[in-house]
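Take a look at the structure below.
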Number of protein chains: 4
Amino acid sequence: MSKYQHIQDACYKANMQLPELNLVLFTFGNVSVADRALGVFAIKPSGVPYKDLTPEKMVIVDFDGNIISGDLRPSSDTKTHAVLYKVWDKIGAIVHTHSTYATAWAQAQRDIPIFGTTHADHNTVDIPCAPPMSDDMIKGNYEYETGYQIINCFRERKLSYEEVEMILVGNHAPFAWGKNGDKAVYNAAVLEEVARMAYLTEQINPKAPRLKDALIEKHWQRKHGKDAYYGQ
Amino acid sequence: MSKYQHIQDACYKANMQLPELNLVLFTFGNVSVADRALGVFAIKPSGVPYKDLTPEKMVIVDFDGNIISGDLRPSSDTKTHAVLYKVWDKIGAIVHTHSTYATAWAQAQRDIPIFGTTHADHNTVDIPCAPPMSDDMIKGNYEYETGYQIINCFRERKLSYEEVEMILVGNHAPFAWGKNGDKAVYNAAVLEEVARMAYLTEQINPKAPRLKDALIEKHWQRKHGKDAYYGQ
Amino acid sequence: MSKYQHIQDACYKANMQLPELNLVLFTFGNVSVADRALGVFAIKPSGVPYKDLTPEKMVIVDFDGNIISGDLRPSSDTKTHAVLYKVWDKIGAIVHTHSTYATAWAQAQRDIPIFGTTHADHNTVDIPCAPPMSDDMIKGNYEYETGYQIINCFRERKLSYEEVEMILVGNHAPFAWGKNGDKAVYNAAVLEEVARMAYLTEQINPKAPRLKDALIEKHWQRKHGKDAYYGQ
Amino acid sequence: MSKYQHIQDACYKANMQLPELNLVLFTFGNVSVADRALGVFAIKPSGVPYKDLTPEKMVIVDFDGNIISGDLRPSSDTKTHAVLYKVWDKIGAIVHTHSTYATAWAQAQRDIPIFGTTHADHNTVDIPCAPPMSDDMIKGNYEYETGYQIINCFRERKLSYEEVEMILVGNHAPFAWGKNGDKAVYNAAVLEEVARMAYLTEQINPKAPRLKDALIEKHWQRKHGKDAYYGQ
């Protein structure tokens, strides 16, 4: 048995949740899962239909984007994953999809306003939309620079990647992450639902105000604060 | 067999209808079912995925929010349920979800206008949206105060909780109730569909008028009046 | 075997298509199927969940709305069906639903404009929305008058019920009909899809023009004209 | 075994993907698959429900629209397929649907703006909407002229049918094509999703800009350029 079997299994399982949760059409998405001790991550092979995936097909890549093990070409977004793992050292898994509502916000180049407690249960800020990349970044090492576009957006806004586990890349689509594959996929699904609710909220009331600070704080704390009382 | 088995069974069955009716993503919802004679209710444990639920896992709580029986922590919204049971003494079950369209109206802080007979078959008024709570209420006993926010909204508007079995809590999400678990879940699903239709109605005709009084009265009476002739 | 078995079977089969086609939530719909020689129709019993239906439960009613056979109470909309069968003597089946998009147009009190060939394959006119009924009609024999509201709308607009097999009743919901149960349900599903497409068309282009006459004529003739060449 | 069996099998398989991908209601769609060496294509029979299809029922037609083999009448859109095969000599399969969002754009008579990388992964231009046909074309050889309306639109805009494999026909619905049945159906599904995302993008930001040229070029090249690195 390969020494990477555990992350290949976790990566396979997480990838297979994307079509179940209606987050992908065809192969428009990928999940990776890292082993920090080994300094590598497993990622979906590029362009392979979900129904043809097996754990063994997950490609092993290091945090510089070098292929360590695997017969297939990894996702074309692999370098974006690598950069995020390298710079943000507590991430255990990353999800990229083109889920419909989150992508529509990315195409609209707008942050998703925090309108309600569904959002505040997961974030205390508007979900950031990084601006589209400069032409130089696009023409250079594109996927690598996409990772830095995400990281720079967080730096400029003084956001913590451990608190805000999702972002939109302008004109492109969402990325989400978390401590493991299940959490990262969960975040990707939450982002899609929050994006859908925010879209509907503005349609119903174009002047809908942002959620008040006391509610943002309360909902965040009851799920994530030191006295959190959500869950078991 | 536990003396609470009957409400645990009913509560389990009602909770399992939420994902079937597409009213919840992950664990974003909960149902409770009360036994008035015993003075307690069974409620979903907090944060446990629906697929992992069993009747035995339903937690038994009294109308002051004290845990009477159960190994798991009850829903974080338990005190809201407790307050509603305590003050409104003919409720047999309560449902809380973050269903998409109803939540969007709650985030938009708007009552759902009564536009058609689908609505009038179940209510004679716009579905109320309680205003977001004051900062003091939020920072205090939040879930307990959420219950009072609902009750106060009904008092101020002179609504009967036996006639209007649903509400939106501003910036949060819907609550529905009924004489038993099936009816409460039914109401939660009706609310979601009425919310969706009202949203579409305003998109199609921003000046769509409220339903005329004669139709409101007729549809309510034929389903709920003393000479009702709907159903068996 | 009952002499009504054939229409009970057809009625049961047609009713069961409604949830399959996502045209109903709970019991918000009903289908009837007539036998013109016997002067009766079979109709869904009121408020009985689809999963509990059997052919034997379909109630037999004559064209004046009298129950001829059956242990259950027929649909609360039975008199509307009876009037339509009595006045429009070539209808073989009727469907009433509260399908989401068609109901939203009915609540918006607007005809559905003919925007494309999907519509013209089935109708040459905007799908009519009958105005909400007068208070006298509502307070009188409501369901009976609903039938006349539909018939009067067709008379005033000089429409043929054999060519236009669907209508919206303002503030209420759609009705569709056809020569048999399958065709009536087909029409109800087409109406829902045409309603959805028309809603989206106006969102994408608020000034979208009506379909040009030549295309209306062409698409209608190729499916329904004397030289029709659609189908087998 | 018929010498057409291979294209009948491929055509059957491609047609059956349409309902799976939610691209058709009832029989509102058809796929054809060509054999260039034999100079014929297999196409769905007109008006036959998908569940009743078998490979043997696919009708064999030549590029002038003459039926070569088959007991059933071919799709009423057969001549449109024939013209496209005849003029565009590298197409291997064609799909026509009335999928909801793409049809709404066609009814709105608007090109679908290129708003994001999901679009640029498949096209470098706004997806063209051919204008509605002239009355003469409609009253003449309608389906044949529909083919020329598509071809003329590409000529006028100087588009390559090998690079842009999809179009909207104004007031009608989408057509897509590709080297084989799987690719043509894939393109029809991508078009529907891109149409849905573009609709949402404009709702969220009515002033959303077109995708910048550098991103259009980058995403197209990484999937289709000479150094493409997407897929295996």
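Chain labels A, B, ... are given in the sequence in which chains occur in the structure tokens; within each chain residues are numbered consecutively from 1, and ligands are likewise numbered from 1 in the order shown.
By only C-alpha atoms, and with residues fewer than 3 positions from Ile7 in chain C along its chain excluded, the set lying at most 7 Å from it is Tyr4, Ala10, Cys11, Val33, Ala34, Asp35 and Ala42 of chain C.
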Write the residues you've just listed into a file as a PDB file, in the first residue's frame, and include N, CA, C and O atoms for each of them.
```
ATOM      1  N   TYR C   4     -66.851   2.031 -14.206  1.00  0.00           N
ATOM      2  CA  TYR C   4     -66.056   3.260 -14.244  1.00  0.00           C
ATOM      3  C   TYR C   4     -64.553   2.989 -14.165  1.00  0.00           C
ATOM      4  O   TYR C   4     -63.750   3.909 -14.105  1.00  0.00           O
ATOM      5  N   ALA C  10     -57.366   5.670 -15.708  1.00  0.00           N
ATOM      6  CA  ALA C  10     -56.752   6.777 -16.456  1.00  0.00           C
ATOM      7  C   ALA C  10     -56.548   7.989 -15.548  1.00  0.00           C
ATOM      8  O   ALA C  10     -55.526   8.688 -15.630  1.00  0.00           O
ATOM      9  N   CYS C  11     -57.497   8.228 -14.678  1.00  0.00           N
ATOM     10  CA  CYS C  11     -57.428   9.379 -13.761  1.00  0.00           C
ATOM     11  C   CYS C  11     -56.300   9.175 -12.744  1.00  0.00           C
ATOM     12  O   CYS C  11     -55.528  10.096 -12.460  1.00  0.00           O
ATOM     13  N   VAL C  33     -60.769  12.772 -15.386  1.00  0.00           N
ATOM     14  CA  VAL C  33     -60.876  12.164 -16.727  1.00  0.00           C
ATOM     15  C   VAL C  33     -62.328  11.771 -16.952  1.00  0.00           C
ATOM     16  O   VAL C  33     -62.938  11.118 -16.086  1.00  0.00           O
ATOM     17  N   ALA C  34     -62.886  12.167 -18.094  1.00  0.00           N
ATOM     18  CA  ALA C  34     -64.316  11.968 -18.347  1.00  0.00           C
ATOM     19  C   ALA C  34     -64.606  10.793 -19.274  1.00  0.00           C
ATOM     20  O   ALA C  34     -63.770  10.419 -20.106  1.00  0.00           O
ATOM     21  N   ASP C  35     -65.794  10.221 -19.125  1.00  0.00           N
ATOM     22  CA  ASP C  35     -66.365   9.312 -20.128  1.00  0.00           C
ATOM     23  C   ASP C  35     -67.620  10.005 -20.643  1.00  0.00           C
ATOM     24  O   ASP C  35     -68.627  10.108 -19.933  1.00  0.00           O
ATOM     25  N   ALA C  42     -64.105  10.902 -13.542  1.00  0.00           N
ATOM     26  CA  ALA C  42     -63.411  10.452 -12.326  1.00  0.00           C
ATOM     27  C   ALA C  42     -62.489  11.569 -11.893  1.00  0.00           C
ATOM     28  O   ALA C  42     -61.845  12.211 -12.737  1.00  0.00           O
TER      29      ALA C  42
END
```
Give me the chain B side of the contact with chain A, cut-off 9 Å, one line per residue showing its nearest atom pair and distance in Å at one decimal, counting only C-alpha atoms, sorted by chain and residue number, as a tab-separated table.
```
residue	atom	partner	partner_atom	distance
B:Leu25	CA	A:Val190	CA	8.2
B:Phe26	CA	A:Tyr186	CA	8.3
B:Phe28	CA	A:Thr118	CA	8.4
B:Pro45	CA	A:Gly231	CA	7.8
B:Ser46	CA	A:Gly231	CA	4.6
B:Gly47	CA	A:Gly231	CA	4.2
B:Val48	CA	A:Gly231	CA	7.0
B:Leu72	CA	A:Gln232	CA	6.8
B:Arg73	CA	A:Gln232	CA	6.1
B:Pro74	CA	A:Gly231	CA	8.5
B:Ser75	CA	A:Tyr230	CA	7.4
B:Ser76	CA	A:Tyr230	CA	5.6
B:His98	CA	A:Thr118	CA	7.3
B:Thr100	CA	A:Met197	CA	6.1
B:Tyr101	CA	A:Met197	CA	7.3
B:Thr103	CA	A:Met197	CA	7.2
B:Ala104	CA	A:Thr201	CA	4.7
B:Trp105	CA	A:Thr201	CA	6.4
B:Ala106	CA	A:Gly116	CA	8.1
B:Gln107	CA	A:Gly116	CA	5.6
B:Ala108	CA	A:Ala208	CA	5.1
B:Gln109	CA	A:Ala208	CA	7.2
B:Arg110	CA	A:Asn205	CA	7.9
B:Pro132	CA	A:Lys212	CA	8.5
B:Met133	CA	A:Leu215	CA	8.5
B:Ser134	CA	A:Ala214	CA	8.6
B:Asp135	CA	A:Ala214	CA	5.8
B:Asp136	CA	A:Ala214	CA	8.8
B:Ile138	CA	A:Ala214	CA	6.5
B:Lys139	CA	A:Ala214	CA	7.1
B:Tyr142	CA	A:Lys218	CA	8.2
B:Gly170	CA	A:Gly116	CA	8.4
B:Asn171	CA	A:Gly116	CA	4.6
B:His172	CA	A:Thr117	CA	5.1
B:Ala173	CA	A:Thr117	CA	7.9
B:Tyr199	CA	A:Ile204	CA	6.5
B:Glu202	CA	A:Ile204	CA	8.1
B:Gln203	CA	A:Gln203	CA	8.1
```
| message | So that I can see what lies close to Trp177 in chain C, please list as a ChimeraX atom specification the residues with an atom at most 8 Å from it, counting only C-alpha atoms and leaving out residues fewer than 6 positions away in the same chain. | response | /C:91-95,165-166,183-185,187-188
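When CA of Gly65 in chain C is paired with CA of Thr78 in chain C, their separation reads 6.7 Å.
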Could you give me, as JSON, numbers by chain, the residues within 10 Å of Trp88 in chain B, counting only C-alpha atoms and dropping anything in the same chain fewer than 4 positions from it? {"B": [82, 83, 84, 92, 151, 160, 161, 162]}
Report as a compact mmCIF listing (two decimals) with all heavy atoms, in the first residue's frame: the residues of range 5-112 of chain D with a DSSP assignment of alpha helix (DSSP H), based on the backbone of this structure.
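Generated output (part-v8.txt):
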```txt
# COMPACT_ATOMS: atom_id res chain seq x y z
N GLN D 5 -25.43 0.67 -37.91
CA GLN D 5 -25.59 0.37 -36.49
C GLN D 5 -24.70 1.26 -35.60
O GLN D 5 -25.13 1.73 -34.54
CB GLN D 5 -25.24 -1.10 -36.23
CG GLN D 5 -25.58 -1.58 -34.83
CD GLN D 5 -27.08 -1.66 -34.60
OE1 GLN D 5 -27.83 -2.05 -35.48
NE2 GLN D 5 -27.54 -1.22 -33.43
N HIS D 6 -23.49 1.53 -36.03
CA HIS D 6 -22.56 2.29 -35.18
C HIS D 6 -23.05 3.73 -34.94
O HIS D 6 -22.93 4.26 -33.85
CB HIS D 6 -21.15 2.29 -35.78
CG HIS D 6 -21.06 2.93 -37.13
ND1 HIS D 6 -21.75 2.44 -38.24
CD2 HIS D 6 -20.39 4.02 -37.56
CE1 HIS D 6 -21.49 3.21 -39.28
NE2 HIS D 6 -20.67 4.17 -38.90
N ILE D 7 -23.64 4.35 -35.98
CA ILE D 7 -24.14 5.71 -35.74
C ILE D 7 -25.51 5.69 -35.05
O ILE D 7 -25.87 6.60 -34.32
CB ILE D 7 -24.17 6.59 -37.01
CG1 ILE D 7 -24.90 5.92 -38.16
CG2 ILE D 7 -22.75 7.01 -37.41
CD1 ILE D 7 -25.06 6.83 -39.39
N GLN D 8 -26.27 4.63 -35.27
CA GLN D 8 -27.53 4.50 -34.52
C GLN D 8 -27.26 4.33 -33.04
O GLN D 8 -27.92 4.93 -32.19
CB GLN D 8 -28.35 3.32 -35.05
CG GLN D 8 -28.99 3.60 -36.42
CD GLN D 8 -29.78 2.41 -36.94
OE1 GLN D 8 -29.28 1.28 -36.93
NE2 GLN D 8 -31.01 2.66 -37.37
N ASP D 9 -26.26 3.52 -32.71
CA ASP D 9 -25.89 3.34 -31.30
C ASP D 9 -25.41 4.66 -30.68
O ASP D 9 -25.83 5.04 -29.60
CB ASP D 9 -24.76 2.30 -31.18
CG ASP D 9 -25.26 0.87 -31.39
OD1 ASP D 9 -26.49 0.67 -31.37
OD2 ASP D 9 -24.42 -0.03 -31.59
N ALA D 10 -24.53 5.34 -31.39
CA ALA D 10 -23.98 6.59 -30.87
C ALA D 10 -25.08 7.65 -30.75
O ALA D 10 -25.12 8.43 -29.78
CB ALA D 10 -22.86 7.09 -31.77
N CYS D 11 -25.98 7.67 -31.71
CA CYS D 11 -27.07 8.64 -31.71
C CYS D 11 -28.04 8.35 -30.56
O CYS D 11 -28.48 9.26 -29.85
CB CYS D 11 -27.79 8.58 -33.06
SG CYS D 11 -29.15 9.75 -33.22
N TYR D 12 -28.36 7.07 -30.37
CA TYR D 12 -29.23 6.68 -29.25
C TYR D 12 -28.61 7.10 -27.92
O TYR D 12 -29.27 7.72 -27.09
CB TYR D 12 -29.45 5.17 -29.29
CG TYR D 12 -30.08 4.63 -28.03
CD1 TYR D 12 -31.44 4.82 -27.78
CD2 TYR D 12 -29.32 3.97 -27.07
CE1 TYR D 12 -32.02 4.34 -26.62
CE2 TYR D 12 -29.89 3.50 -25.90
CZ TYR D 12 -31.24 3.68 -25.68
OH TYR D 12 -31.81 3.23 -24.53
N LYS D 13 -27.35 6.77 -27.76
CA LYS D 13 -26.64 7.07 -26.51
C LYS D 13 -26.62 8.58 -26.25
O LYS D 13 -26.85 9.04 -25.12
CB LYS D 13 -25.22 6.52 -26.60
CG LYS D 13 -24.36 6.70 -25.37
CD LYS D 13 -23.09 5.84 -25.45
CE LYS D 13 -22.00 6.37 -24.55
NZ LYS D 13 -21.26 7.52 -25.12
N ALA D 14 -26.37 9.35 -27.28
CA ALA D 14 -26.30 10.81 -27.12
C ALA D 14 -27.69 11.37 -26.80
O ALA D 14 -27.84 12.23 -25.93
CB ALA D 14 -25.73 11.45 -28.37
N ASN D 15 -28.71 10.89 -27.49
CA ASN D 15 -30.07 11.36 -27.20
C ASN D 15 -30.46 11.09 -25.75
O ASN D 15 -31.09 11.92 -25.10
CB ASN D 15 -31.09 10.70 -28.14
CG ASN D 15 -31.31 11.51 -29.41
OD1 ASN D 15 -31.90 12.58 -29.37
ND2 ASN D 15 -30.81 11.00 -30.53
N MET D 16 -30.09 9.90 -25.25
CA MET D 16 -30.49 9.54 -23.89
C MET D 16 -29.80 10.40 -22.83
O MET D 16 -30.25 10.45 -21.69
CB MET D 16 -30.21 8.06 -23.64
CG MET D 16 -31.04 7.12 -24.51
SD MET D 16 -32.83 7.47 -24.47
CE MET D 16 -33.26 6.83 -22.84
N GLN D 17 -28.72 11.08 -23.20
CA GLN D 17 -28.08 11.98 -22.23
C GLN D 17 -28.88 13.27 -22.01
O GLN D 17 -28.72 13.93 -20.99
CB GLN D 17 -26.67 12.36 -22.71
CG GLN D 17 -25.67 11.21 -22.68
CD GLN D 17 -24.30 11.64 -23.18
OE1 GLN D 17 -23.76 12.65 -22.76
NE2 GLN D 17 -23.76 10.87 -24.11
N LEU D 18 -29.72 13.63 -22.97
CA LEU D 18 -30.45 14.90 -22.84
C LEU D 18 -31.36 14.93 -21.61
O LEU D 18 -31.28 15.88 -20.82
CB LEU D 18 -31.25 15.21 -24.12
CG LEU D 18 -30.44 15.40 -25.41
CD1 LEU D 18 -31.37 15.88 -26.53
CD2 LEU D 18 -29.32 16.40 -25.22
N PRO D 19 -32.23 13.91 -21.40
CA PRO D 19 -33.03 13.96 -20.17
C PRO D 19 -32.17 13.82 -18.90
O PRO D 19 -32.46 14.47 -17.89
CB PRO D 19 -34.02 12.80 -20.32
CG PRO D 19 -33.51 11.96 -21.44
CD PRO D 19 -32.65 12.83 -22.30
N GLU D 20 -31.11 13.03 -18.96
CA GLU D 20 -30.23 12.89 -17.78
C GLU D 20 -29.63 14.23 -17.37
O GLU D 20 -29.43 14.50 -16.19
CB GLU D 20 -29.08 11.94 -18.11
CG GLU D 20 -29.34 10.50 -17.79
CD GLU D 20 -28.18 9.64 -18.27
OE1 GLU D 20 -27.02 9.94 -17.92
OE2 GLU D 20 -28.44 8.68 -19.02
N THR D 78 -34.97 17.87 -39.04
CA THR D 78 -33.96 17.11 -39.80
C THR D 78 -33.25 17.93 -40.86
O THR D 78 -32.02 17.84 -41.03
CB THR D 78 -34.62 15.86 -40.42
OG1 THR D 78 -35.03 15.00 -39.35
CG2 THR D 78 -33.65 15.12 -41.33
N LYS D 79 -33.98 18.75 -41.61
CA LYS D 79 -33.33 19.51 -42.68
C LYS D 79 -32.32 20.52 -42.15
O LYS D 79 -31.33 20.82 -42.83
CB LYS D 79 -34.38 20.21 -43.55
CG LYS D 79 -35.09 19.23 -44.48
CD LYS D 79 -36.03 19.96 -45.42
CE LYS D 79 -36.90 18.97 -46.19
NZ LYS D 79 -38.04 19.65 -46.84
N THR D 80 -32.56 21.04 -40.96
CA THR D 80 -31.57 21.94 -40.37
C THR D 80 -30.26 21.18 -40.12
O THR D 80 -29.17 21.67 -40.45
CB THR D 80 -32.09 22.53 -39.04
OG1 THR D 80 -33.38 23.08 -39.25
CG2 THR D 80 -31.15 23.59 -38.51
N HIS D 81 -30.38 19.98 -39.57
CA HIS D 81 -29.19 19.14 -39.36
C HIS D 81 -28.50 18.88 -40.70
O HIS D 81 -27.27 19.01 -40.81
CB HIS D 81 -29.57 17.80 -38.71
CG HIS D 81 -30.06 17.89 -37.30
ND1 HIS D 81 -29.40 17.30 -36.24
CD2 HIS D 81 -31.14 18.49 -36.75
CE1 HIS D 81 -30.07 17.53 -35.11
NE2 HIS D 81 -31.13 18.24 -35.40
N ALA D 82 -29.27 18.50 -41.71
CA ALA D 82 -28.70 18.14 -43.01
C ALA D 82 -27.88 19.29 -43.59
O ALA D 82 -26.75 19.11 -44.07
CB ALA D 82 -29.81 17.72 -43.97
N VAL D 83 -28.43 20.50 -43.57
CA VAL D 83 -27.73 21.66 -44.11
C VAL D 83 -26.42 21.89 -43.37
O VAL D 83 -25.37 22.15 -43.99
CB VAL D 83 -28.62 22.92 -44.02
CG1 VAL D 83 -27.80 24.18 -44.26
CG2 VAL D 83 -29.77 22.82 -45.00
N LEU D 84 -26.46 21.80 -42.05
CA LEU D 84 -25.23 22.04 -41.27
C LEU D 84 -24.16 21.00 -41.62
O LEU D 84 -22.99 21.34 -41.79
CB LEU D 84 -25.54 22.03 -39.77
CG LEU D 84 -26.45 23.17 -39.28
CD1 LEU D 84 -26.71 23.03 -37.77
CD2 LEU D 84 -25.85 24.55 -39.56
N TYR D 85 -24.56 19.72 -41.73
CA TYR D 85 -23.59 18.69 -42.10
C TYR D 85 -23.02 18.95 -43.50
O TYR D 85 -21.84 18.75 -43.76
CB TYR D 85 -24.24 17.30 -42.09
CG TYR D 85 -24.44 16.71 -40.73
CD1 TYR D 85 -25.71 16.34 -40.28
CD2 TYR D 85 -23.35 16.52 -39.86
CE1 TYR D 85 -25.91 15.79 -39.03
CE2 TYR D 85 -23.55 15.97 -38.59
CZ TYR D 85 -24.83 15.61 -38.18
OH TYR D 85 -25.00 15.08 -36.93
N LYS D 86 -23.87 19.38 -44.41
CA LYS D 86 -23.45 19.55 -45.80
C LYS D 86 -22.45 20.70 -45.95
O LYS D 86 -21.44 20.58 -46.65
CB LYS D 86 -24.68 19.82 -46.66
CG LYS D 86 -24.36 19.82 -48.15
CD LYS D 86 -25.56 19.45 -48.97
CE LYS D 86 -25.21 19.22 -50.42
NZ LYS D 86 -26.36 18.77 -51.21
N VAL D 87 -22.73 21.81 -45.27
CA VAL D 87 -21.89 23.00 -45.44
C VAL D 87 -20.67 22.98 -44.52
O VAL D 87 -19.59 23.41 -44.91
CB VAL D 87 -22.72 24.27 -45.21
CG1 VAL D 87 -21.86 25.52 -45.32
CG2 VAL D 87 -23.88 24.32 -46.20
N THR D 100 -33.88 25.50 -20.89
CA THR D 100 -34.58 26.67 -20.36
C THR D 100 -33.82 28.00 -20.48
O THR D 100 -34.34 28.98 -21.02
CB THR D 100 -34.93 26.43 -18.88
OG1 THR D 100 -35.59 25.16 -18.78
CG2 THR D 100 -35.86 27.52 -18.35
N TYR D 101 -32.61 28.07 -19.96
CA TYR D 101 -31.91 29.35 -19.92
C TYR D 101 -31.41 29.78 -21.30
O TYR D 101 -31.49 30.95 -21.66
CB TYR D 101 -30.76 29.31 -18.91
CG TYR D 101 -31.27 29.28 -17.49
CD1 TYR D 101 -31.56 28.09 -16.84
CD2 TYR D 101 -31.52 30.47 -16.79
CE1 TYR D 101 -32.05 28.07 -15.54
CE2 TYR D 101 -32.01 30.46 -15.50
CZ TYR D 101 -32.28 29.25 -14.88
OH TYR D 101 -32.78 29.23 -13.61
N ALA D 102 -30.89 28.83 -22.08
CA ALA D 102 -30.42 29.17 -23.42
C ALA D 102 -31.61 29.65 -24.27
O ALA D 102 -31.50 30.63 -25.02
CB ALA D 102 -29.75 27.96 -24.06
N THR D 103 -32.75 28.99 -24.12
CA THR D 103 -33.94 29.40 -24.88
C THR D 103 -34.41 30.78 -24.45
O THR D 103 -34.85 31.59 -25.27
CB THR D 103 -35.05 28.35 -24.70
OG1 THR D 103 -34.57 27.09 -25.18
CG2 THR D 103 -36.30 28.73 -25.49
N ALA D 104 -34.31 31.08 -23.16
CA ALA D 104 -34.71 32.42 -22.69
C ALA D 104 -33.85 33.50 -23.33
O ALA D 104 -34.35 34.56 -23.73
CB ALA D 104 -34.63 32.49 -21.17
N TRP D 105 -32.54 33.26 -23.46
CA TRP D 105 -31.67 34.22 -24.16
C TRP D 105 -32.06 34.34 -25.63
O TRP D 105 -32.06 35.44 -26.20
CB TRP D 105 -30.19 33.82 -24.04
CG TRP D 105 -29.56 34.17 -22.72
CD1 TRP D 105 -29.51 33.39 -21.60
CD2 TRP D 105 -28.91 35.40 -22.36
NE1 TRP D 105 -28.86 34.05 -20.58
CE2 TRP D 105 -28.47 35.28 -21.02
CE3 TRP D 105 -28.63 36.58 -23.04
CZ2 TRP D 105 -27.79 36.29 -20.34
CZ3 TRP D 105 -27.95 37.60 -22.37
CH2 TRP D 105 -27.54 37.46 -21.04
N ALA D 106 -32.38 33.20 -26.25
CA ALA D 106 -32.81 33.23 -27.67
C ALA D 106 -34.10 34.03 -27.80
O ALA D 106 -34.26 34.82 -28.74
CB ALA D 106 -33.00 31.81 -28.18
N GLN D 107 -35.02 33.85 -26.87
CA GLN D 107 -36.28 34.60 -26.90
C GLN D 107 -36.04 36.09 -26.65
O GLN D 107 -36.75 36.95 -27.16
CB GLN D 107 -37.27 34.03 -25.88
CG GLN D 107 -37.72 32.62 -26.23
CD GLN D 107 -38.87 32.09 -25.38
OE1 GLN D 107 -39.55 31.16 -25.78
NE2 GLN D 107 -39.09 32.66 -24.20
```
Counting only C-alpha atoms, closest pick from B:Ile167, B:Ile43, B:Met1, B:Ile150 relative to Val59 in chain B is B:Ile43
Check your understanding: What are the DSSP strand (DSSP E) residues of chain D, as number ranges by chain?
Key -> D: 29-35, 40-43, 59-62, 67-69, 93-97, 129-130, 166-169, 174-178
Correct to one decimal, the distance CA of Glu192 in chain D-CA of Gln149 in chain D is 20.9 Å
Atom pair CA of His96 in chain C + CA of Ile67 in chain C, distance 19.2 Å
